[in-house]
$ cat upload12.cif   # mmCIF, C-alpha atoms
data_protein
#
loop_
_atom_site.group_PDB
_atom_site.id
_atom_site.type_symbol
_atom_site.label_atom_id
_atom_site.label_comp_id
_atom_site.auth_asym_id
_atom_site.auth_seq_id
_atom_site.Cartn_x
_atom_site.Cartn_y
_atom_site.Cartn_z
ATOM 1 C CA MET D 1 0.000 0.000 0.000
ATOM 2 C CA LEU D 2 1.264 3.471 -0.840
ATOM 3 C CA LEU D 3 0.786 5.818 2.124
ATOM 4 C CA LEU D 4 0.398 9.471 1.203
ATOM 5 C CA GLY D 5 0.597 12.922 2.713
ATOM 6 C CA ASN D 6 -0.044 16.306 1.180
ATOM 7 C CA ASP D 7 -0.338 19.915 2.247
ATOM 8 C CA ILE D 8 -1.295 23.125 0.504
ATOM 9 C CA VAL D 9 -0.520 26.740 1.417
ATOM 10 C CA ASP D 10 -2.463 29.645 -0.107
ATOM 11 C CA LEU D 11 0.220 32.285 -0.582
ATOM 12 C CA ASN D 12 -2.434 35.013 -0.841
ATOM 13 C CA GLU D 13 -4.111 34.168 2.444
ATOM 14 C CA ALA D 14 -3.948 36.745 5.248
ATOM 15 C CA GLY D 15 -1.081 36.058 7.623
ATOM 16 C CA VAL D 16 1.152 34.293 5.100
ATOM 17 C CA THR D 17 3.174 37.317 4.045
ATOM 18 C CA GLY D 18 5.677 38.436 6.665
ATOM 19 C CA LYS D 19 5.468 35.264 8.753
ATOM 20 C CA SER D 20 9.257 34.922 8.637
ATOM 21 C CA HIS D 21 9.412 38.054 10.820
ATOM 22 C CA SER D 22 7.389 36.381 13.574
ATOM 23 C CA ALA D 23 10.226 35.388 15.898
ATOM 24 C CA ARG D 24 7.920 33.453 18.204
ATOM 25 C CA PHE D 25 6.477 31.354 15.361
ATOM 26 C CA VAL D 26 9.873 30.709 13.780
ATOM 27 C CA GLU D 27 11.379 29.656 17.106
ATOM 28 C CA ARG D 28 8.491 27.282 17.865
ATOM 29 C CA VAL D 29 8.339 25.559 14.471
ATOM 30 C CA PHE D 30 11.843 25.409 12.992
ATOM 31 C CA CYS D 31 15.138 23.848 14.039
ATOM 32 C CA ARG D 32 18.465 25.693 13.955
ATOM 33 C CA GLU D 33 19.374 24.664 10.396
ATOM 34 C CA GLU D 34 15.935 25.569 9.076
ATOM 35 C CA LYS D 35 16.016 28.955 10.767
ATOM 36 C CA PHE D 36 19.368 29.674 9.174
ATOM 37 C CA ALA D 37 18.085 28.679 5.718
ATOM 38 C CA ILE D 38 15.097 30.997 6.166
ATOM 39 C CA SER D 39 17.246 33.898 7.349
ATOM 40 C CA VAL D 40 19.631 33.771 4.341
ATOM 41 C CA SER D 41 16.933 33.087 1.724
ATOM 42 C CA GLU D 42 16.154 35.635 -0.999
ATOM 43 C CA ASN D 43 12.489 34.980 -0.196
ATOM 44 C CA PRO D 44 12.326 34.006 3.496
ATOM 45 C CA ASP D 45 8.524 33.747 3.580
ATOM 46 C CA LEU D 46 8.495 31.324 0.657
ATOM 47 C CA THR D 47 11.259 29.202 2.205
ATOM 48 C CA LEU D 48 9.401 29.150 5.520
ATOM 49 C CA TRP D 49 6.157 27.917 3.976
ATOM 50 C CA ARG D 50 7.915 25.313 1.867
ATOM 51 C CA PHE D 51 9.463 23.890 5.042
ATOM 52 C CA TRP D 52 6.067 24.072 6.744
ATOM 53 C CA ALA D 53 4.271 22.213 3.915
ATOM 54 C CA ALA D 54 6.960 19.513 3.857
ATOM 55 C CA LYS D 55 6.674 19.004 7.629
ATOM 56 C CA GLU D 56 2.872 18.791 7.488
ATOM 57 C CA THR D 57 3.078 16.266 4.663
ATOM 58 C CA ALA D 58 5.582 14.066 6.506
ATOM 59 C CA TYR D 59 3.419 14.222 9.642
ATOM 60 C CA LYS D 60 0.424 12.899 7.703
ATOM 61 C CA ILE D 61 2.490 9.991 6.383
ATOM 62 C CA ILE D 62 3.991 9.029 9.751
ATOM 63 C CA SER D 63 0.486 9.180 11.263
ATOM 64 C CA LYS D 64 -0.484 6.337 8.933
ATOM 65 C CA ILE D 65 2.607 4.273 9.797
ATOM 66 C CA THR D 66 2.666 4.545 13.586
ATOM 67 C CA GLY D 67 -0.506 6.455 14.454
ATOM 68 C CA PRO D 68 -0.600 10.254 14.930
ATOM 69 C CA PRO D 69 2.307 11.359 17.162
ATOM 70 C CA VAL D 70 2.365 14.570 19.154
ATOM 71 C CA PHE D 71 3.104 17.087 16.411
ATOM 72 C CA LEU D 72 6.273 18.853 17.508
ATOM 73 C CA HIS D 73 7.243 20.646 14.307
ATOM 74 C CA LYS D 74 10.925 20.928 15.222
ATOM 75 C CA LYS D 75 11.267 17.149 15.267
ATOM 76 C CA PHE D 76 10.437 17.037 11.551
ATOM 77 C CA LYS D 77 13.783 18.267 10.223
ATOM 78 C CA THR D 78 13.566 19.493 6.645
ATOM 79 C CA THR D 79 16.296 20.135 4.081
ATOM 80 C CA PHE D 80 16.284 21.065 0.407
ATOM 81 C CA HIS D 81 17.214 18.012 -1.670
ATOM 82 C CA GLU D 82 16.933 18.668 -5.397
ATOM 83 C CA GLN D 83 15.496 21.138 -7.898
ATOM 84 C CA ILE D 84 13.463 19.157 -10.436
ATOM 85 C CA SER D 85 12.198 22.016 -12.586
ATOM 86 C CA LYS D 86 11.465 25.711 -12.293
ATOM 87 C CA SER D 87 8.362 25.033 -10.206
ATOM 88 C CA LYS D 88 9.136 21.646 -8.622
ATOM 89 C CA ALA D 89 11.684 20.690 -5.975
ATOM 90 C CA LYS D 90 12.339 17.764 -3.654
ATOM 91 C CA PHE D 91 12.821 18.165 0.066
ATOM 92 C CA GLU D 92 13.852 15.538 2.590
ATOM 93 C CA VAL D 93 12.177 15.321 5.980
ATOM 94 C CA VAL D 94 13.717 13.250 8.763
ATOM 95 C CA TYR D 95 11.626 12.188 11.746
ATOM 96 C CA ASP D 96 12.736 9.647 14.332
ATOM 97 C CA ALA D 97 15.161 7.911 11.919
ATOM 98 C CA GLN D 98 12.498 7.819 9.181
ATOM 99 C CA LYS D 99 13.273 9.693 5.947
ATOM 100 C CA PHE D 100 10.630 10.998 3.585
ATOM 101 C CA GLN D 101 11.053 12.504 0.142
ATOM 102 C CA ILE D 102 8.576 15.343 -0.334
ATOM 103 C CA GLU D 103 7.935 16.925 -3.731
ATOM 104 C CA LEU D 104 6.842 20.546 -3.670
ATOM 105 C CA THR D 105 5.199 22.511 -6.452
ATOM 106 C CA THR D 106 5.582 26.261 -6.030
ATOM 107 C CA ASP D 107 3.072 28.397 -7.921
ATOM 108 C CA ILE D 108 2.567 32.147 -7.750
ATOM 109 C CA ASN D 109 -0.602 31.453 -5.737
ATOM 110 C CA TYR D 110 0.180 28.350 -3.710
ATOM 111 C CA ILE D 111 2.650 25.722 -2.492
ATOM 112 C CA HIS D 112 1.571 22.099 -2.799
ATOM 113 C CA ALA D 113 3.566 19.331 -1.123
ATOM 114 C CA VAL D 114 3.111 15.602 -1.773
ATOM 115 C CA GLY D 115 4.938 12.673 -0.177
ATOM 116 C CA ALA D 116 4.628 8.883 -0.486
ATOM 117 C CA TYR D 117 5.802 5.887 1.535
ATOM 118 C CA ALA D 118 5.552 2.347 0.124
ATOM 119 C CA LYS D 119 4.327 0.142 2.966
ATOM 120 C CA ASN D 120 4.231 -2.900 0.691
ATOM 121 C CA GLY D 121 5.806 -3.100 -2.751
ATOM 122 C CA GLU D 122 7.715 -0.330 -4.502
ATOM 123 C CA LEU D 123 6.724 3.147 -5.644
ATOM 124 C CA PRO D 124 6.505 2.146 -9.352
ATOM 125 C CA ASP D 125 3.855 -0.420 -8.403
ATOM 126 C CA TYR D 126 1.406 2.424 -7.823
ATOM 127 C CA LEU D 127 -0.250 5.197 -9.760
ATOM 128 C CA LEU D 128 -0.061 8.384 -7.708
ATOM 129 C CA CYS D 129 -2.595 11.047 -8.642
ATOM 130 C CA GLU D 130 -2.383 14.542 -7.209
ATOM 131 C CA LYS D 131 -4.675 17.480 -7.702
ATOM 132 C CA VAL D 132 -4.782 21.173 -6.840
ATOM 133 C CA HIS D 133 -8.228 22.722 -7.130
ATOM 134 C CA PRO D 134 -9.170 26.417 -6.738
ATOM 135 C CA VAL D 135 -12.402 27.491 -5.093
ATOM 136 C CA THR D 136 -14.235 30.808 -5.190
ATOM 137 C CA HIS D 137 -15.754 32.866 -2.391
ATOM 138 C CA SER D 138 -19.219 32.210 -3.828
ATOM 139 C CA GLU D 139 -18.562 28.456 -3.860
ATOM 140 C CA LEU D 140 -17.451 28.554 -0.235
ATOM 141 C CA LYS D 141 -20.558 30.521 0.680
ATOM 142 C CA ASP D 142 -22.761 28.025 -1.144
ATOM 143 C CA TRP D 143 -21.146 25.083 0.669
ATOM 144 C CA GLN D 144 -21.657 26.671 4.067
ATOM 145 C CA ASN D 145 -25.216 25.391 3.740
ATOM 146 C CA THR D 146 -25.056 22.101 5.637
ATOM 147 C CA ASN D 147 -28.101 20.808 3.727
ATOM 148 C CA ARG D 148 -25.812 20.708 0.696
ATOM 149 C CA TRP D 149 -23.489 18.304 2.506
ATOM 150 C CA ALA D 150 -26.243 15.737 3.036
ATOM 151 C CA GLU D 151 -26.684 15.504 -0.752
ATOM 152 C CA HIS D 152 -23.143 14.162 -1.212
ATOM 153 C CA PHE D 153 -22.081 12.475 2.036
ATOM 154 C CA THR D 154 -23.269 9.654 4.265
ATOM 155 C CA LYS D 155 -23.922 10.056 7.986
ATOM 156 C CA GLU D 156 -20.592 8.349 8.678
ATOM 157 C CA GLU D 157 -18.768 10.882 6.512
ATOM 158 C CA LEU D 158 -20.576 13.882 7.990
ATOM 159 C CA VAL D 159 -19.165 13.129 11.450
ATOM 160 C CA SER D 160 -15.754 14.527 10.390
ATOM 161 C CA ILE D 161 -16.991 17.430 8.222
ATOM 162 C CA HIS D 162 -17.123 20.698 10.135
ATOM 163 C CA HIS D 163 -16.923 23.484 7.558
ATOM 164 C CA ALA D 164 -17.303 24.237 3.865
ATOM 165 C CA GLU D 165 -13.626 23.679 3.033
ATOM 166 C CA SER D 166 -13.544 20.150 4.479
ATOM 167 C CA ALA D 167 -16.751 19.321 2.610
ATOM 168 C CA LEU D 168 -15.406 20.685 -0.673
ATOM 169 C CA VAL D 169 -12.078 18.849 -0.564
ATOM 170 C CA ARG D 170 -13.909 15.569 0.066
ATOM 171 C CA PHE D 171 -16.422 16.261 -2.703
ATOM 172 C CA HIS D 172 -13.734 16.994 -5.287
ATOM 173 C CA CYS D 173 -11.462 14.159 -4.163
ATOM 174 C CA LYS D 174 -14.245 11.586 -4.480
ATOM 175 C CA LYS D 175 -15.167 13.017 -7.878
ATOM 176 C CA VAL D 176 -11.615 12.620 -9.239
ATOM 177 C CA VAL D 177 -11.123 9.148 -7.714
ATOM 178 C CA ALA D 178 -14.441 8.051 -9.236
ATOM 179 C CA GLN D 179 -13.342 9.323 -12.647
ATOM 180 C CA GLU D 180 -10.110 7.328 -12.363
ATOM 181 C CA LEU D 181 -11.993 4.174 -11.378
ATOM 182 C CA GLU D 182 -14.791 4.841 -13.881
ATOM 183 C CA ILE D 183 -17.494 4.588 -11.228
ATOM 184 C CA THR D 184 -20.016 6.991 -9.663
ATOM 185 C CA PRO D 185 -18.853 9.069 -6.654
ATOM 186 C CA SER D 186 -21.828 7.806 -4.636
ATOM 187 C CA ARG D 187 -20.033 4.438 -4.278
ATOM 188 C CA LEU D 188 -17.191 6.118 -2.367
ATOM 189 C CA GLN D 189 -16.987 7.314 1.227
ATOM 190 C CA ILE D 190 -14.199 9.221 2.961
ATOM 191 C CA ILE D 191 -14.145 8.292 6.639
ATOM 192 C CA ARG D 192 -12.039 9.985 9.302
ATOM 193 C CA PRO D 193 -12.402 8.187 12.635
ATOM 194 C CA SER D 194 -11.342 9.425 16.068
ATOM 195 C CA LYS D 195 -9.510 7.512 18.780
ATOM 196 C CA ALA D 196 -9.408 8.885 22.323
ATOM 197 C CA SER D 197 -10.850 12.146 20.938
ATOM 198 C CA ARG D 198 -7.939 12.440 18.483
ATOM 199 C CA PRO D 199 -8.735 12.515 14.732
ATOM 200 C CA GLN D 200 -7.108 9.699 12.778
ATOM 201 C CA PRO D 201 -6.018 9.795 9.104
ATOM 202 C CA PRO D 202 -8.884 9.554 6.600
ATOM 203 C CA PHE D 203 -9.453 6.441 4.538
ATOM 204 C CA LEU D 204 -11.566 5.522 1.535
ATOM 205 C CA LEU D 205 -14.438 3.052 1.327
ATOM 206 C CA LEU D 206 -15.698 1.583 -1.936
ATOM 207 C CA ASP D 207 -19.129 -0.004 -1.628
ATOM 208 C CA ASN D 208 -18.731 0.148 2.178
ATOM 209 C CA LYS D 209 -15.444 -1.772 2.118
ATOM 210 C CA GLN D 210 -12.009 -0.334 2.891
ATOM 211 C CA THR D 211 -9.700 -0.276 -0.104
ATOM 212 C CA GLU D 212 -5.955 -0.139 -0.730
ATOM 213 C CA ILE D 213 -6.476 3.292 -2.245
ATOM 214 C CA ASP D 214 -4.851 5.741 0.149
ATOM 215 C CA ILE D 215 -5.867 9.403 0.168
ATOM 216 C CA SER D 216 -4.614 12.643 1.661
ATOM 217 C CA LEU D 217 -6.632 15.845 1.958
ATOM 218 C CA SER D 218 -5.623 19.456 2.528
ATOM 219 C CA HIS D 219 -7.145 22.915 2.185
ATOM 220 C CA HIS D 220 -6.068 26.471 2.881
ATOM 221 C CA GLY D 221 -7.639 29.734 1.809
ATOM 222 C CA LEU D 222 -9.033 29.401 -1.699
ATOM 223 C CA TRP D 223 -7.130 26.231 -2.587
ATOM 224 C CA LEU D 224 -7.788 22.523 -2.124
ATOM 225 C CA GLY D 225 -5.048 19.912 -2.389
ATOM 226 C CA PHE D 226 -5.485 16.156 -2.425
ATOM 227 C CA CYS D 227 -3.839 13.010 -3.718
ATOM 228 C CA PHE D 228 -4.567 9.307 -3.924
ATOM 229 C CA SER D 229 -2.767 6.109 -4.925
ATOM 230 C CA ILE D 230 -3.965 3.131 -6.931
ATOM 231 C CA LYS D 231 -2.017 -0.113 -7.289
ATOM 232 C CA GLN D 232 -1.114 -0.728 -10.915
ATOM 233 C CA GLY D 233 -3.222 -3.428 -12.524
#
$ encode --input "upload12.cif" --output "structure tokens"
Amino acid sequence: MLLLGNDIVDLNEAGVTGKSHSARFVERVFCREEKFAISVSENPDLTLWRFWAAKETAYKIISKITGPPVFLHKKFKTTFHEQISKSKAKFEVVYDAQKFQIELTTDINYIHAVGAYAKNGELPDYLLCEKVHPVTHSELKDWQNTNRWAEHFTKEELVSIHHAESALVRFHCKKVVAQELEITPSRLQIIRPSKASRPQPPFLLLDNKQTEIDISLSHHGLWLGFCFSIKQG
């Protein structure tokens, strides 16, 4: 099974610009090497949020391997690894002797991070699909109507949906997965259970049965990010 994590940062969202000047935030989230990289960067805010997205992505993956740990950001140590293209780069995140390769896409409007860990098999055994989807203010307003949610989600799904953004990312993720599988979205459910009042990673049901298709969901501002994996063949 291919375990996934992803995170998206809306670079136009209030509070994103100038965050590198927040000494308290920087001290709480980043280790010494990361703080140095931010301080010498030509664009410290962009470097900061790339590190942040990589850490969040690695956290989502490790949560599926061992269960969600206490999220101490400094323990997820992030370094630049390789520039793939003008907009894509690889970062490495190390957590408790585990290493994760995180691929980041940097757009003028957003940063999207995606990472994968092969629990069984090898990475080429899987098709990894990732998607970035924009939303509008009017769409968010429309989806604030909870009656709309009941049209697209089961009672089990609704337990973990608390606002328009979480509803929208689930709606669009199921739609894209269904297109890939050539089925109707109504056959899919995204369930996010809780254990000891702590939310667990979401998983996908097909016809009420858990699948080997792993998913990861993220949203921030006016952007949704999600990815899923399907075993080849």
$ resolve_selection --input "upload12.cif" --expression "the PyMOL selection byres ((chain D and resi 192) around 7)" --output "ChimeraX atom specification"
/D:160,190-191,193-194,199-203
$ closest_residue --input "upload12.cif" --among "D:Asp214, D:Glu182, D:Glu56, D:Glu27" --to "Tyr117 in chain D" --atoms "all atoms listed in the file"
D:Asp214
$ atom_distance --input "upload12.cif" --atom1 "CA of Asn109 in chain D" --atom2 "CA of Thr17 in chain D"
12.0 Å
$ atom_distance --input "upload12.cif" --atom1 "CA of Ser39 in chain D" --atom2 "CA of Thr78 in chain D"
14.9 Å
$ residues_around --input "upload12.cif" --residues "Trp149 in chain D" --least-positions-apart "3" --cutoff "12 Å" --atoms "all atoms listed in the file" --output "NGL selection string"
:D and (142-146 or 152-155 or 157-171)
$ resolve_selection --input "upload12.cif" --expression "the PyMOL selection byres ((chain D and resi 225) around 9)" --output "list in words"
Asn6, Asp7, Ile8, His112, Ala113, Glu130, Lys131, Val132, His133, Pro134, Val169, Cys173, Ser216, Leu217, Ser218, His219, His220, Trp223, Leu224, Phe226 and Cys227 of chain D
$ closest_residue --input "upload12.cif" --among "D:Gln179, D:Thr211, D:Ser20, D:Ser87" --to "Tyr110 in chain D" --atoms "only C-alpha atoms"
D:Ser87
$ closest_residue --input "upload12.cif" --among "D:Lys195, D:Lys19, D:Lys209, D:Lys231" --to "Asp125 in chain D" --atoms "only C-alpha atoms"
D:Lys231
$ atom_distance --input "upload12.cif" --atom1 "CA of Val70 in chain D" --atom2 "CA of Ala89 in chain D"
27.5 Å
$ residues_around --input "upload12.cif" --residues "Phe80 in chain D" --least-positions-apart "6" --cutoff "8 Å" --atoms "only C-alpha atoms" --output "JSON, numbers by chain"
{"D": [89, 90, 91, 92]}
$ closest_residue --input "upload12.cif" --among "D:Ala118, D:Ala53, D:Ala97, D:Ile230" --to "Val9 in chain D" --atoms "only C-alpha atoms"
D:Ala53
$ resolve_selection --input "upload12.cif" --expression "the PyMOL selection byres ((chain D and resi 25) around 12)" --output "list in words"
Gly15, Val16, Gly18, Lys19, Ser20, His21, Ser22, Ala23, Arg24, Val26, Glu27, Arg28, Val29, Phe30, Cys31, Lys35, Leu48, Trp49, Trp52, His73 and Lys74 of chain D
$ closest_residue --input "upload12.cif" --among "D:Phe76, D:Phe228, D:Tyr126, D:Phe36" --to "Thr57 in chain D" --atoms "all atoms listed in the file"
D:Phe76
$ residues_around --input "upload12.cif" --residues "Asp207 in chain D" --least-positions-apart "2" --cutoff "12 Å" --atoms "only C-alpha atoms" --output "JSON, numbers by chain"
{"D": [183, 184, 185, 186, 187, 188, 189, 190, 204, 205, 209, 210, 211]}
$ closest_residue --input "upload12.cif" --among "D:Gln232, D:Thr106, D:Asn120, D:Gln101" --to "Lys86 in chain D" --atoms "only C-alpha atoms"
D:Thr106
$ build_atoms --input "upload12.cif" --residues "range 32-45 of chain D" --atoms "N, CA and C atoms" --output "mmCIF file, in the coordinates of the input"
data_model
loop_
_atom_site.group_PDB
_atom_site.id
_atom_site.type_symbol
_atom_site.label_atom_id
_atom_site.label_comp_id
_atom_site.auth_asym_id
_atom_site.auth_seq_id
_atom_site.Cartn_x
_atom_site.Cartn_y
_atom_site.Cartn_z
ATOM 1 N N ARG D 32 17.392 24.725 14.181
ATOM 2 C CA ARG D 32 18.465 25.693 13.955
ATOM 3 C C ARG D 32 18.837 25.798 12.474
ATOM 4 N N GLU D 33 18.974 24.654 11.805
ATOM 5 C CA GLU D 33 19.374 24.664 10.396
ATOM 6 C C GLU D 33 18.289 25.274 9.513
ATOM 7 N N GLU D 34 17.043 24.992 9.843
ATOM 8 C CA GLU D 34 15.935 25.569 9.076
ATOM 9 C C GLU D 34 15.856 27.078 9.271
ATOM 10 N N LYS D 35 16.053 27.515 10.492
ATOM 11 C CA LYS D 35 16.016 28.955 10.767
ATOM 12 C C LYS D 35 17.119 29.687 10.007
ATOM 13 N N PHE D 36 18.273 29.061 9.924
ATOM 14 C CA PHE D 36 19.368 29.674 9.174
ATOM 15 C C PHE D 36 19.013 29.761 7.697
ATOM 16 N N ALA D 37 18.463 28.685 7.137
ATOM 17 C CA ALA D 37 18.085 28.679 5.718
ATOM 18 C C ALA D 37 17.043 29.752 5.419
ATOM 19 N N ILE D 38 16.112 29.950 6.337
ATOM 20 C CA ILE D 38 15.097 30.997 6.166
ATOM 21 C C ILE D 38 15.731 32.377 6.213
ATOM 22 N N SER D 39 16.648 32.571 7.143
ATOM 23 C CA SER D 39 17.246 33.898 7.349
ATOM 24 C C SER D 39 18.112 34.347 6.171
ATOM 25 N N VAL D 40 18.745 33.406 5.448
ATOM 26 C CA VAL D 40 19.631 33.771 4.341
ATOM 27 C C VAL D 40 18.929 33.661 2.982
ATOM 28 N N SER D 41 17.661 33.265 2.974
ATOM 29 C CA SER D 41 16.933 33.087 1.724
ATOM 30 C C SER D 41 16.604 34.430 1.071
ATOM 31 N N GLU D 42 16.572 34.436 -0.273
ATOM 32 C CA GLU D 42 16.154 35.635 -0.999
ATOM 33 C C GLU D 42 14.670 35.904 -0.782
ATOM 34 N N ASN D 43 13.915 34.852 -0.486
ATOM 35 C CA ASN D 43 12.489 34.980 -0.196
ATOM 36 C C ASN D 43 12.194 34.168 1.065
ATOM 37 N N PRO D 44 12.449 34.772 2.243
ATOM 38 C CA PRO D 44 12.326 34.006 3.496
ATOM 39 C C PRO D 44 10.920 33.477 3.757
ATOM 40 N N ASP D 45 9.886 34.243 3.376
ATOM 41 C CA ASP D 45 8.524 33.747 3.580
ATOM 42 C C ASP D 45 8.267 32.491 2.764
#
